[in-house]
Every structure is written in structure tokens, then in C-alpha cells.
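*Asks:* Below is the file final.pdb, with PDB, C-alpha atoms, pLDDT in the B column.
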ATOM      1  CA  MET V   1       0.000   0.000   0.000  1.00 58.00           C
ATOM      2  CA  LYS V   2       2.792   2.393   0.973  1.00 54.00           C
ATOM      3  CA  LYS V   3       4.577   1.637  -2.318  1.00 55.00           C
ATOM      4  CA  LYS V   4       1.427   2.472  -4.298  1.00 55.00           C
ATOM      5  CA  VAL V   5       1.015   5.794  -2.473  1.00 51.00           C
ATOM      6  CA  ALA V   6       4.664   6.646  -3.057  1.00 57.00           C
ATOM      7  CA  LEU V   7       4.336   5.873  -6.768  1.00 57.00           C
ATOM      8  CA  LEU V   8       1.206   8.002  -7.063  1.00 54.00           C
ATOM      9  CA  LEU V   9       2.923  10.935  -5.337  1.00 60.00           C
ATOM     10  CA  ALA V  10       5.961  10.619  -7.584  1.00 57.00           C
ATOM     11  CA  PHE V  11       3.755  10.529 -10.681  1.00 55.00           C
ATOM     12  CA  ALA V  12       1.836  13.592  -9.521  1.00 57.00           C
ATOM     13  CA  LEU V  13       5.096  15.471  -8.900  1.00 59.00           C
ATOM     14  CA  VAL V  14       6.432  14.666 -12.376  1.00 54.00           C
ATOM     15  CA  PHE V  15       3.088  15.560 -13.971  1.00 52.00           C
ATOM     16  CA  SER V  16       2.879  18.940 -12.248  1.00 57.00           C
ATOM     17  CA  SER V  17       6.545  19.728 -13.067  1.00 55.00           C
ATOM     18  CA  PHE V  18       5.951  18.944 -16.741  1.00 50.00           C
ATOM     19  CA  PHE V  19       2.983  21.306 -17.047  1.00 51.00           C
ATOM     20  CA  SER V  20       4.561  24.083 -15.032  1.00 54.00           C
ATOM     21  CA  GLY V  21       7.621  23.843 -17.281  1.00 52.00           C
ATOM     22  CA  SER V  22       5.443  23.952 -20.395  1.00 48.00           C
ATOM     23  CA  THR V  23       3.645  27.013 -19.066  1.00 47.00           C
ATOM     24  CA  ALA V  24       6.958  28.756 -18.446  1.00 49.00           C
ATOM     25  CA  LEU V  25       8.115  28.004 -21.978  1.00 51.00           C
ATOM     26  CA  ALA V  26       4.874  29.314 -23.427  1.00 52.00           C
ATOM     27  CA  ALA V  27       5.095  32.631 -21.542  1.00 53.00           C
ATOM     28  CA  PRO V  28       5.521  35.528 -23.996  1.00 59.00           C
ATOM     29  CA  GLN V  29       8.883  37.285 -24.062  1.00 65.00           C
ATOM     30  CA  LYS V  30       9.082  40.962 -23.180  1.00 71.00           C
ATOM     31  CA  ALA V  31       9.576  43.259 -26.162  1.00 81.00           C
ATOM     32  CA  LYS V  32      13.024  44.848 -26.150  1.00 88.00           C
ATOM     33  CA  HIS V  33      13.679  48.552 -26.484  1.00 90.00           C
ATOM     34  CA  LYS V  34      14.745  49.614 -29.971  1.00 92.00           C
ATOM     35  CA  LEU V  35      15.249  52.740 -32.058  1.00 93.00           C
ATOM     36  CA  ASN V  36      13.280  53.471 -35.205  1.00 93.00           C
ATOM     37  CA  VAL V  37      16.631  53.711 -37.077  1.00 93.00           C
ATOM     38  CA  LYS V  38      20.142  52.350 -36.526  1.00 94.00           C
ATOM     39  CA  LYS V  39      21.783  54.236 -39.403  1.00 94.00           C
ATOM     40  CA  LEU V  40      20.808  57.591 -40.852  1.00 94.00           C
ATOM     41  CA  ASN V  41      21.969  59.793 -43.733  1.00 93.00           C
ATOM     42  CA  MET V  42      21.233  63.509 -43.428  1.00 93.00           C
ATOM     43  CA  THR V  43      22.197  66.763 -45.105  1.00 92.00           C
ATOM     44  CA  VAL V  44      23.305  69.970 -43.395  1.00 92.00           C
ATOM     45  CA  GLY V  45      20.319  71.825 -41.918  1.00 90.00           C
ATOM     46  CA  SER V  46      17.927  68.865 -42.092  1.00 91.00           C
ATOM     47  CA  THR V  47      16.068  67.414 -39.100  1.00 93.00           C
ATOM     48  CA  PHE V  48      14.831  63.955 -38.170  1.00 94.00           C
ATOM     49  CA  GLN V  49      12.749  62.579 -35.315  1.00 94.00           C
ATOM     50  CA  ILE V  50      14.288  59.611 -33.538  1.00 94.00           C
ATOM     51  CA  ARG V  51      12.082  57.392 -31.398  1.00 93.00           C
ATOM     52  CA  VAL V  52      12.480  54.594 -28.854  1.00 93.00           C
ATOM     53  CA  TYR V  53       9.915  51.788 -29.045  1.00 92.00           C
ATOM     54  CA  ASN V  54       8.573  49.481 -26.313  1.00 89.00           C
ATOM     55  CA  MET V  55       8.864  52.054 -23.541  1.00 86.00           C
ATOM     56  CA  LYS V  56       7.074  51.617 -20.203  1.00 86.00           C
ATOM     57  CA  LYS V  57       5.514  54.462 -18.218  1.00 84.00           C
ATOM     58  CA  ARG V  58       8.280  54.479 -15.621  1.00 86.00           C
ATOM     59  CA  HIS V  59      11.066  54.370 -18.200  1.00 88.00           C
ATOM     60  CA  LYS V  60      12.940  57.534 -19.120  1.00 89.00           C
ATOM     61  CA  VAL V  61      15.352  58.201 -21.978  1.00 91.00           C
ATOM     62  CA  THR V  62      18.337  60.526 -22.135  1.00 91.00           C
ATOM     63  CA  TYR V  63      20.111  61.293 -25.415  1.00 94.00           C
ATOM     64  CA  SER V  64      23.647  62.355 -26.259  1.00 94.00           C
ATOM     65  CA  SER V  65      25.637  63.115 -29.411  1.00 95.00           C
ATOM     66  CA  SER V  66      29.268  62.045 -29.829  1.00 96.00           C
ATOM     67  CA  LYS V  67      29.880  65.225 -31.876  1.00 96.00           C
ATOM     68  CA  PRO V  68      27.538  68.095 -30.928  1.00 95.00           C
ATOM     69  CA  ASP V  69      29.118  70.284 -33.624  1.00 96.00           C
ATOM     70  CA  VAL V  70      27.903  67.781 -36.255  1.00 96.00           C
ATOM     71  CA  ILE V  71      24.609  66.584 -34.754  1.00 96.00           C
ATOM     72  CA  THR V  72      22.523  68.101 -31.975  1.00 95.00           C
ATOM     73  CA  ILE V  73      19.620  66.343 -30.327  1.00 94.00           C
ATOM     74  CA  LYS V  74      16.719  67.665 -28.275  1.00 92.00           C
ATOM     75  CA  ALA V  75      14.314  65.384 -26.434  1.00 86.00           C
ATOM     76  CA  ASP V  76      10.575  65.999 -26.494  1.00 84.00           C
ATOM     77  CA  ALA V  77       9.644  67.904 -23.348  1.00 80.00           C
ATOM     78  CA  THR V  78       6.456  65.890 -22.791  1.00 81.00           C
ATOM     79  CA  ASN V  79       7.563  62.480 -24.031  1.00 81.00           C
ATOM     80  CA  THR V  80      11.230  61.469 -23.758  1.00 80.00           C
ATOM     81  CA  LYS V  81      10.831  58.500 -26.085  1.00 88.00           C
ATOM     82  CA  ARG V  82      10.980  61.019 -28.949  1.00 90.00           C
ATOM     83  CA  ALA V  83      13.772  63.447 -29.819  1.00 93.00           C
ATOM     84  CA  SER V  84      14.609  65.786 -32.693  1.00 94.00           C
ATOM     85  CA  ILE V  85      17.988  65.482 -34.436  1.00 95.00           C
ATOM     86  CA  THR V  86      19.449  68.439 -36.331  1.00 96.00           C
ATOM     87  CA  ALA V  87      22.420  68.207 -38.705  1.00 96.00           C
ATOM     88  CA  LEU V  88      24.770  71.167 -38.242  1.00 96.00           C
ATOM     89  CA  SER V  89      27.855  70.349 -40.303  1.00 95.00           C
ATOM     90  CA  VAL V  90      29.380  67.709 -42.580  1.00 95.00           C
ATOM     91  CA  GLY V  91      30.736  64.694 -40.723  1.00 96.00           C
ATOM     92  CA  SER V  92      29.698  61.600 -38.764  1.00 96.00           C
ATOM     93  CA  ALA V  93      28.372  61.226 -35.241  1.00 96.00           C
ATOM     94  CA  THR V  94      26.755  58.634 -33.015  1.00 96.00           C
ATOM     95  CA  ILE V  95      23.534  59.268 -31.136  1.00 95.00           C
ATOM     96  CA  THR V  96      23.209  57.352 -27.870  1.00 95.00           C
ATOM     97  CA  ALA V  97      19.855  56.728 -26.192  1.00 93.00           C
ATOM     98  CA  THR V  98      20.065  55.510 -22.591  1.00 94.00           C
ATOM     99  CA  ILE V  99      16.911  53.976 -21.103  1.00 92.00           C
ATOM    100  CA  ARG V 100      16.597  54.079 -17.319  1.00 91.00           C
ATOM    101  CA  LYS V 101      14.129  53.043 -14.658  1.00 89.00           C
ATOM    102  CA  GLY V 102      14.903  55.239 -11.716  1.00 88.00           C
ATOM    103  CA  LYS V 103      18.682  55.069 -11.286  1.00 88.00           C
ATOM    104  CA  LYS V 104      18.969  51.691 -13.011  1.00 92.00           C
ATOM    105  CA  THR V 105      20.160  51.633 -16.644  1.00 92.00           C
ATOM    106  CA  LEU V 106      18.050  49.148 -18.604  1.00 91.00           C
ATOM    107  CA  ARG V 107      19.505  49.481 -22.103  1.00 91.00           C
ATOM    108  CA  THR V 108      21.748  51.633 -24.272  1.00 94.00           C
ATOM    109  CA  LEU V 109      20.890  52.109 -27.953  1.00 95.00           C
ATOM    110  CA  LYS V 110      22.991  53.733 -30.674  1.00 95.00           C
ATOM    111  CA  CYS V 111      22.327  55.292 -34.074  1.00 95.00           C
ATOM    112  CA  LYS V 112      25.126  56.194 -36.499  1.00 96.00           C
ATOM    113  CA  VAL V 113      24.489  59.407 -38.429  1.00 96.00           C
ATOM    114  CA  LYS V 114      26.320  60.623 -41.535  1.00 95.00           C
ATOM    115  CA  VAL V 115      25.865  64.249 -42.553  1.00 95.00           C
ATOM    116  CA  SER V 116      26.626  65.239 -46.145  1.00 94.00           C
ATOM    117  CA  PRO V 117      26.609  68.694 -47.794  1.00 93.00           C
ATOM    118  CA  ASN V 118      23.468  70.147 -49.322  1.00 90.00           C
ATOM    119  CA  ALA V 119      23.027  69.680 -53.046  1.00 91.00           C
ATOM    120  CA  VAL V 120      23.529  72.782 -55.198  1.00 92.00           C
ATOM    121  CA  GLY V 121      22.546  71.378 -58.588  1.00 94.00           C
ATOM    122  CA  ILE V 122      20.422  68.663 -60.169  1.00 95.00           C
ATOM    123  CA  LYS V 123      19.632  67.364 -63.653  1.00 95.00           C
ATOM    124  CA  PHE V 124      18.070  64.317 -65.270  1.00 96.00           C
ATOM    125  CA  MET V 125      20.465  62.078 -67.180  1.00 95.00           C
ATOM    126  CA  LYS V 126      17.938  62.200 -70.048  1.00 94.00           C
ATOM    127  CA  ARG V 127      15.576  65.056 -70.886  1.00 95.00           C
ATOM    128  CA  GLU V 128      13.178  62.791 -72.789  1.00 96.00           C
ATOM    129  CA  ALA V 129      12.121  59.157 -72.449  1.00 96.00           C
ATOM    130  CA  TRP V 130       9.214  56.906 -73.309  1.00 95.00           C
ATOM    131  CA  VAL V 131       7.453  53.926 -71.811  1.00 96.00           C
ATOM    132  CA  HIS V 132       4.506  51.691 -72.654  1.00 96.00           C
ATOM    133  CA  GLU V 133       1.387  51.943 -70.504  1.00 93.00           C
ATOM    134  CA  GLY V 134       1.467  49.386 -67.697  1.00 94.00           C
ATOM    135  CA  ASN V 135       5.273  49.321 -67.710  1.00 96.00           C
ATOM    136  CA  LYS V 136       7.861  51.155 -65.623  1.00 95.00           C
ATOM    137  CA  ILE V 137      11.020  53.170 -66.167  1.00 96.00           C
ATOM    138  CA  ARG V 138      13.420  54.606 -63.608  1.00 96.00           C
ATOM    139  CA  LEU V 139      14.706  58.133 -64.198  1.00 96.00           C
ATOM    140  CA  GLU V 140      18.292  58.733 -63.053  1.00 95.00           C
ATOM    141  CA  THR V 141      19.365  62.118 -61.703  1.00 95.00           C
ATOM    142  CA  SER V 142      22.787  63.696 -61.303  1.00 94.00           C
ATOM    143  CA  ILE V 143      23.264  65.777 -58.146  1.00 93.00           C
ATOM    144  CA  LYS V 144      26.107  68.164 -57.320  1.00 93.00           C
ATOM    145  CA  PRO V 145      28.202  67.778 -55.294  1.00 91.00           C
ATOM    146  CA  ILE V 146      28.318  64.001 -55.703  1.00 90.00           C
ATOM    147  CA  THR V 147      29.020  63.661 -51.977  1.00 89.00           C
ATOM    148  CA  SER V 148      25.543  64.981 -51.150  1.00 91.00           C
ATOM    149  CA  GLU V 149      23.045  62.406 -49.894  1.00 88.00           C
ATOM    150  CA  GLU V 150      20.082  64.703 -50.502  1.00 90.00           C
ATOM    151  CA  LYS V 151      17.180  63.008 -52.278  1.00 91.00           C
ATOM    152  CA  PRO V 152      15.014  64.956 -54.730  1.00 94.00           C
ATOM    153  CA  VAL V 153      11.224  65.025 -54.570  1.00 96.00           C
ATOM    154  CA  PHE V 154       9.620  63.682 -57.759  1.00 97.00           C
ATOM    155  CA  THR V 155       6.256  64.851 -59.104  1.00 97.00           C
ATOM    156  CA  SER V 156       4.146  64.217 -62.202  1.00 97.00           C
ATOM    157  CA  ASP V 157       2.067  66.986 -63.773  1.00 96.00           C
ATOM    158  CA  ASP V 158      -0.594  64.468 -64.863  1.00 97.00           C
ATOM    159  CA  SER V 159      -1.004  61.296 -62.808  1.00 96.00           C
ATOM    160  CA  ASN V 160      -3.689  60.083 -65.224  1.00 97.00           C
ATOM    161  CA  ILE V 161      -0.941  59.587 -67.813  1.00 97.00           C
ATOM    162  CA  ALA V 162       1.989  58.572 -65.603  1.00 97.00           C
ATOM    163  CA  THR V 163       2.843  58.394 -61.911  1.00 97.00           C
ATOM    164  CA  VAL V 164       6.240  58.621 -60.227  1.00 97.00           C
ATOM    165  CA  ASN V 165       7.356  57.366 -56.815  1.00 96.00           C
ATOM    166  CA  SER V 166       9.971  58.649 -54.358  1.00 94.00           C
ATOM    167  CA  ARG V 167      12.748  56.711 -56.155  1.00 95.00           C
ATOM    168  CA  GLY V 168      12.032  58.219 -59.560  1.00 96.00           C
ATOM    169  CA  VAL V 169      10.286  55.133 -60.949  1.00 97.00           C
ATOM    170  CA  VAL V 170       7.677  56.189 -63.512  1.00 97.00           C
ATOM    171  CA  THR V 171       4.666  53.988 -64.289  1.00 97.00           C
ATOM    172  CA  GLY V 172       2.826  54.484 -67.564  1.00 96.00           C
ATOM    173  CA  ILE V 173      -0.924  54.744 -66.961  1.00 96.00           C
ATOM    174  CA  SER V 174      -2.407  55.785 -70.309  1.00 96.00           C
ATOM    175  CA  PRO V 175      -1.106  57.074 -73.682  1.00 96.00           C
ATOM    176  CA  GLY V 176      -0.013  60.703 -73.681  1.00 96.00           C
ATOM    177  CA  THR V 177       2.789  63.055 -72.690  1.00 97.00           C
ATOM    178  CA  VAL V 178       3.661  64.050 -69.136  1.00 97.00           C
ATOM    179  CA  THR V 179       6.367  66.103 -67.413  1.00 97.00           C
ATOM    180  CA  ILE V 180       8.227  64.592 -64.455  1.00 98.00           C
ATOM    181  CA  THR V 181       9.923  67.112 -62.156  1.00 97.00           C
ATOM    182  CA  ALA V 182      12.674  66.467 -59.598  1.00 97.00           C
ATOM    183  CA  THR V 183      13.085  69.155 -56.924  1.00 96.00           C
ATOM    184  CA  LEU V 184      15.771  69.766 -54.288  1.00 93.00           C
ATOM    185  CA  LEU V 185      13.959  71.198 -51.298  1.00 88.00           C
ATOM    186  CA  SER V 186      17.089  72.598 -49.619  1.00 85.00           C
ATOM    187  CA  CYS V 187      17.830  75.039 -52.468  1.00 87.00           C
ATOM    188  CA  ASP V 188      14.508  74.990 -54.354  1.00 89.00           C
ATOM    189  CA  LEU V 189      16.153  73.875 -57.603  1.00 93.00           C
ATOM    190  CA  SER V 190      14.383  71.577 -60.039  1.00 95.00           C
ATOM    191  CA  THR V 191      14.807  69.788 -63.352  1.00 96.00           C
ATOM    192  CA  SER V 192      12.283  68.138 -65.648  1.00 97.00           C
ATOM    193  CA  CYS V 193      11.990  65.219 -68.043  1.00 97.00           C
ATOM    194  CA  THR V 194       9.319  64.669 -70.698  1.00 97.00           C
ATOM    195  CA  ILE V 195       7.807  61.174 -70.704  1.00 97.00           C
ATOM    196  CA  THR V 196       5.767  59.845 -73.608  1.00 97.00           C
ATOM    197  CA  VAL V 197       3.487  56.944 -72.686  1.00 97.00           C
ATOM    198  CA  LEU V 198       2.771  54.615 -75.620  1.00 96.00           C
ATOM    199  CA  PRO V 199       0.002  52.000 -75.986  1.00 92.00           C
ATOM    200  CA  GLY V 200       0.548  48.917 -73.813  1.00 77.00           C
ATOM    201  CA  GLU V 201       3.104  46.182 -74.382  1.00 63.00           C
ATOM    202  CA  THR V 202       3.307  42.940 -72.431  1.00 51.00           C
ATOM    203  CA  THR V 203       6.986  41.991 -72.707  1.00 42.00           C
ATOM    204  CA  SER V 204      10.182  43.625 -71.428  1.00 42.00           C
ATOM    205  CA  ALA V 205      12.308  45.300 -74.088  1.00 45.00           C
ATOM    206  CA  ARG V 206      15.080  47.818 -74.678  1.00 43.00           C
ATOM    207  CA  TYR V 207      14.757  50.754 -76.979  1.00 42.00           C
ATOM    208  CA  GLN V 208      17.182  53.187 -78.556  1.00 43.00           C
ATOM    209  CA  LYS V 209      15.748  56.452 -79.938  1.00 42.00           C
ATOM    210  CA  THR V 210      18.210  59.147 -81.024  1.00 35.00           C
ATOM    211  CA  ASN V 211      20.247  59.717 -77.865  1.00 38.00           C
ATOM    212  CA  VAL V 212      17.511  58.572 -75.489  1.00 40.00           C
ATOM    213  CA  TYR V 213      17.994  55.213 -73.760  1.00 38.00           C
ATOM    214  CA  THR V 214      15.409  53.691 -71.493  1.00 40.00           C
ATOM    215  CA  GLU V 215      14.849  50.303 -69.930  1.00 41.00           C
ATOM    216  CA  ILE V 216      11.276  49.146 -69.777  1.00 36.00           C
ATOM    217  CA  VAL V 217      10.406  46.789 -66.942  1.00 37.00           C
ATOM    218  CA  THR V 218       7.234  44.728 -67.126  1.00 32.00           C
ATOM    219  CA  GLN V 219       5.213  44.646 -63.924  1.00 34.00           C
TER     220      GLN V 219
END
Could the structure of this file be written out as C-alpha cells, please?
*Replies:*
Amino acid sequence: MKKKVALLLAFALVFSSFFSGSTALAAPQKAKHKLNVKKLNMTVGSTFQIRVYNMKKRHKVTYSSSKPDVITIKADATNTKRASITALSVGSATITATIRKGKKTLRTLKCKVKVSPNAVGIKFMKREAWVHEGNKIRLETSIKPITSEEKPVFTSDDSNIATVNSRGVVTGISPGTVTITATLLSCDLSTSCTITVLPGETTSARYQKTNVYTEIVTQ
């Protein structure tokens, strides 16, 4: 009888240990703190908002710049998980975000920032190009100085004929002619390219027309 009781107790102990272990394994892991960016390219005079995710109410963040003459940072007065970065001069710097709970440091996060000069000139590599409706073409720009990381803003004067995205990729929508403009916001300079959209074609092809070269990419 005593042996049976001992066996039952042992079985119950093993059974309860198994399920408690399974419950522990199934417990969700806590989300770690992280920045919205780890690397960042900026131009002189530009700003960017950095943010720490997975913050708790009692957590506070302090920020620092390894080179305040290159990058300055100012935390949000009402919410320290956000801060504004401003690029002051050409160079590289590291932003450090230190998360604390009271006096205890929970985590240190870093973001590497590269600041390049503002662009002073822009032009399209081609002033004219053409694409079939339903297909795409990417317009290349040349920016001066070449060390500038500034990105132009692309616009189309008739999105019913062709659209353009932030990378300069034009999509033919319907036959017609449209002007694509690339603008540098820092100096308010722009350049334009005329796109002719031809009736649809279903296969990828390459075309040579006078001195205009385009690559058509089928969706």
C-alpha cells in the first residue's frame, strides 16, 4: 500500500513539473527597447525625429551626441521616447539613447548618423524618355556635389498619364505626354523630363531612340 502511495505521489510530482515547465516556456517574451533607425543619412540643416519603441511608463530616456558640432539632439519635453535630431555640419556622429528606470540603466541604444553637404545642382540624365502603358522606367538624376546624400522630390504633372514614386520610378498609366519634375527642397532647384506613354506592351524590351535610352520593366 505504501509503495502504491509513493508511486502516485511521484507521478503527480512529475506531472505537475511537466505542465509548469510547459507554461513557463509558453510565456511571452518581453519586447526589447529599440530605435526606429540604426543608421541615418542627413544633409546639413535637415532634421529627423528619432524614437524609442517598447517604452514603459516608468522608463525615461536621455540622449547624447558624440559630436555636438555635427549633430545636436533635443528630447521631447512631454515624451522622452521622442527626440529631434538636427544636422549642423558635414561629418559623422553617433547618437546614444540611454533607457533608465529610476537610477537603473536598462539598455543603451545607438544610431550612427552621416551628414553630407546640401546639393547645389540637379539634372536628369535624359531630358526625354518613353514607356509603354502598364510598364515602368526609372529616371536617373545627377546631383552636385556628388558627396551629397540629398534626395530629390519627384512629381508628375498628370497622374492620369503617368505616376512617379519617391525613387524616380515612372509607371505608364495611359497614352499621352507628361512632365516629371525632380526638386531639391534645400535650395529649391528643379529639373524636368518629358515622358511619352505609348500603348501597352506585355513583354520587357530595350529601346534606342536618337540619344535617349530607357529600360522598360514589365510589372
*Asks:* Report, in Å to a single decimal, how far apart CA of Val61 in chain V and CA of Thr43 in chain V are.
*Replies:* 25.6 Å
*Asks:* Measure the distance from CA of Val131 in chain V to CA of Thr171 in chain V in Å and round it to one decimal.
*Replies:*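 Interatomic distance here is 8.0 Å.
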*Asks:* Might you pull out every residue within 6 Å of Ile85 in chain V, with only C-alpha atoms counted and same-chain residues fewer than 2 positions away left off, and present them as a list in words?
*Replies:*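 My list of contacting residues is Thr47, Phe48, Thr72 and Ile73 of chain V.
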*Asks:* Go through the shown structure with the PyMOL selection byres ((chain V and resi 76) around 12) and write out the matching residues as a PyMOL selection string.
*Replies:* chain V and resi 49-52+60-63+73-75+77-85
*Asks:* Could you write out as a list in words the residues that the PyMOL selection byres ((chain V and resi 178) around 8) matches in the shown file?
*Replies:*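 This file gives the following for the PyMOL selection byres ((chain V and resi 178) around 8): Ser156, Asp157, Asp158, Ile161, Ala162, Gly176, Thr177, Thr179, Ile180, Thr194, Ile195, Thr196 and Val197 of chain V.
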*Asks:* If you count all atoms listed in the file, which residues fall within 9 Å of Leu185 in chain V, apart from same-chain ones fewer than 6 positions away, as a ChimeraX atom specification?
*Replies:* /V:150-153
*Asks:* Could you expand the PyMOL selection byres ((chain V and resi 190) around 10) into the explicit residues it covers here, written as a compact mmCIF listing (two decimals) with C-alpha atoms, in the coordinates of the input?
*Replies:*
# COMPACT_ATOMS: atom_id res chain seq x y z
CA GLY V 121 22.55 71.38 -58.59
CA ILE V 122 20.42 68.66 -60.17
CA LYS V 123 19.63 67.36 -63.65
CA PHE V 124 18.07 64.32 -65.27
CA PRO V 152 15.01 64.96 -54.73
CA VAL V 153 11.22 65.03 -54.57
CA PHE V 154 9.62 63.68 -57.76
CA THR V 181 9.92 67.11 -62.16
CA ALA V 182 12.67 66.47 -59.60
CA THR V 183 13.08 69.16 -56.92
CA LEU V 184 15.77 69.77 -54.29
CA LEU V 185 13.96 71.20 -51.30
CA CYS V 187 17.83 75.04 -52.47
CA ASP V 188 14.51 74.99 -54.35
CA LEU V 189 16.15 73.88 -57.60
CA THR V 191 14.81 69.79 -63.35
CA SER V 192 12.28 68.14 -65.65
*Asks:* Could you check which of V:Asn165, V:Asp69, V:Val170, V:Lys114 is closest to Leu139 in chain V, using only C-alpha atoms?
*Replies:*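 Using only C-alpha atoms, the shortest distance to Leu139 in chain V belongs to V:Val170.
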*Asks:* Please compute the CA of Ser92 in chain V-CA of Met125 in chain V distance, one decimal, in Å.
*Replies:*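 Result for CA of Ser92 in chain V versus CA of Met125 in chain V: 29.9 Å, one decimal.
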*Asks:* Ranking V:Ser89, V:Ser159, V:Asn54, V:Thr94 by minimum distance to Lys34 in chain V and counting only C-alpha atoms, which one comes first?
*Replies:* V:Asn54
*Asks:* Contacts of Thr147 in chain V at 12 Å or less, counting all atoms listed in the file, minus same-chain residues fewer than 5 places along, as a PyMOL selection string?
*Replies:* chain V and resi 41-43+90-91+114-120+142
*Asks:* With all atoms listed in the file as the atoms that count, which of V:Ile71, V:Val113, V:His59, V:Glu133 lies nearest to Gly45 in chain V?
*Replies:* V:Ile71
*Asks:* Lys101 in chain V: which residues within 7 Å, counting only C-alpha atoms, same-chain residues fewer than 2 positions away excluded, as a PDB file with C-alpha atoms, keeping the file's coordinate frame?
*Replies:*
ATOM      1  CA  ARG V  58       8.280  54.479 -15.621  1.00 86.00           C
ATOM      2  CA  HIS V  59      11.066  54.370 -18.200  1.00 88.00           C
ATOM      3  CA  LYS V  60      12.940  57.534 -19.120  1.00 89.00           C
ATOM      4  CA  LYS V 103      18.682  55.069 -11.286  1.00 88.00           C
ATOM      5  CA  LYS V 104      18.969  51.691 -13.011  1.00 92.00           C
ATOM      6  CA  THR V 105      20.160  51.633 -16.644  1.00 92.00           C
ATOM      7  CA  LEU V 106      18.050  49.148 -18.604  1.00 91.00           C
TER       8      LEU V 106
END
*Asks:* So which one's closest to Gly102 in chain V, V:Lys57, V:Leu88, V:Ser46, V:Val164? Using all atoms listed in the file, please.
*Replies:*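 Residue with the minimum atom-to-atom distance to Gly102 in chain V: V:Lys57.
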*Asks:* Have a look at V:Ser65, V:Thr163, V:Leu198, V:Ile99 and name the one nearest to Trp130 in chain V; count all atoms listed in the file.
*Replies:*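 That would be V:Leu198, the residue with the smallest distance to Trp130 in chain V.
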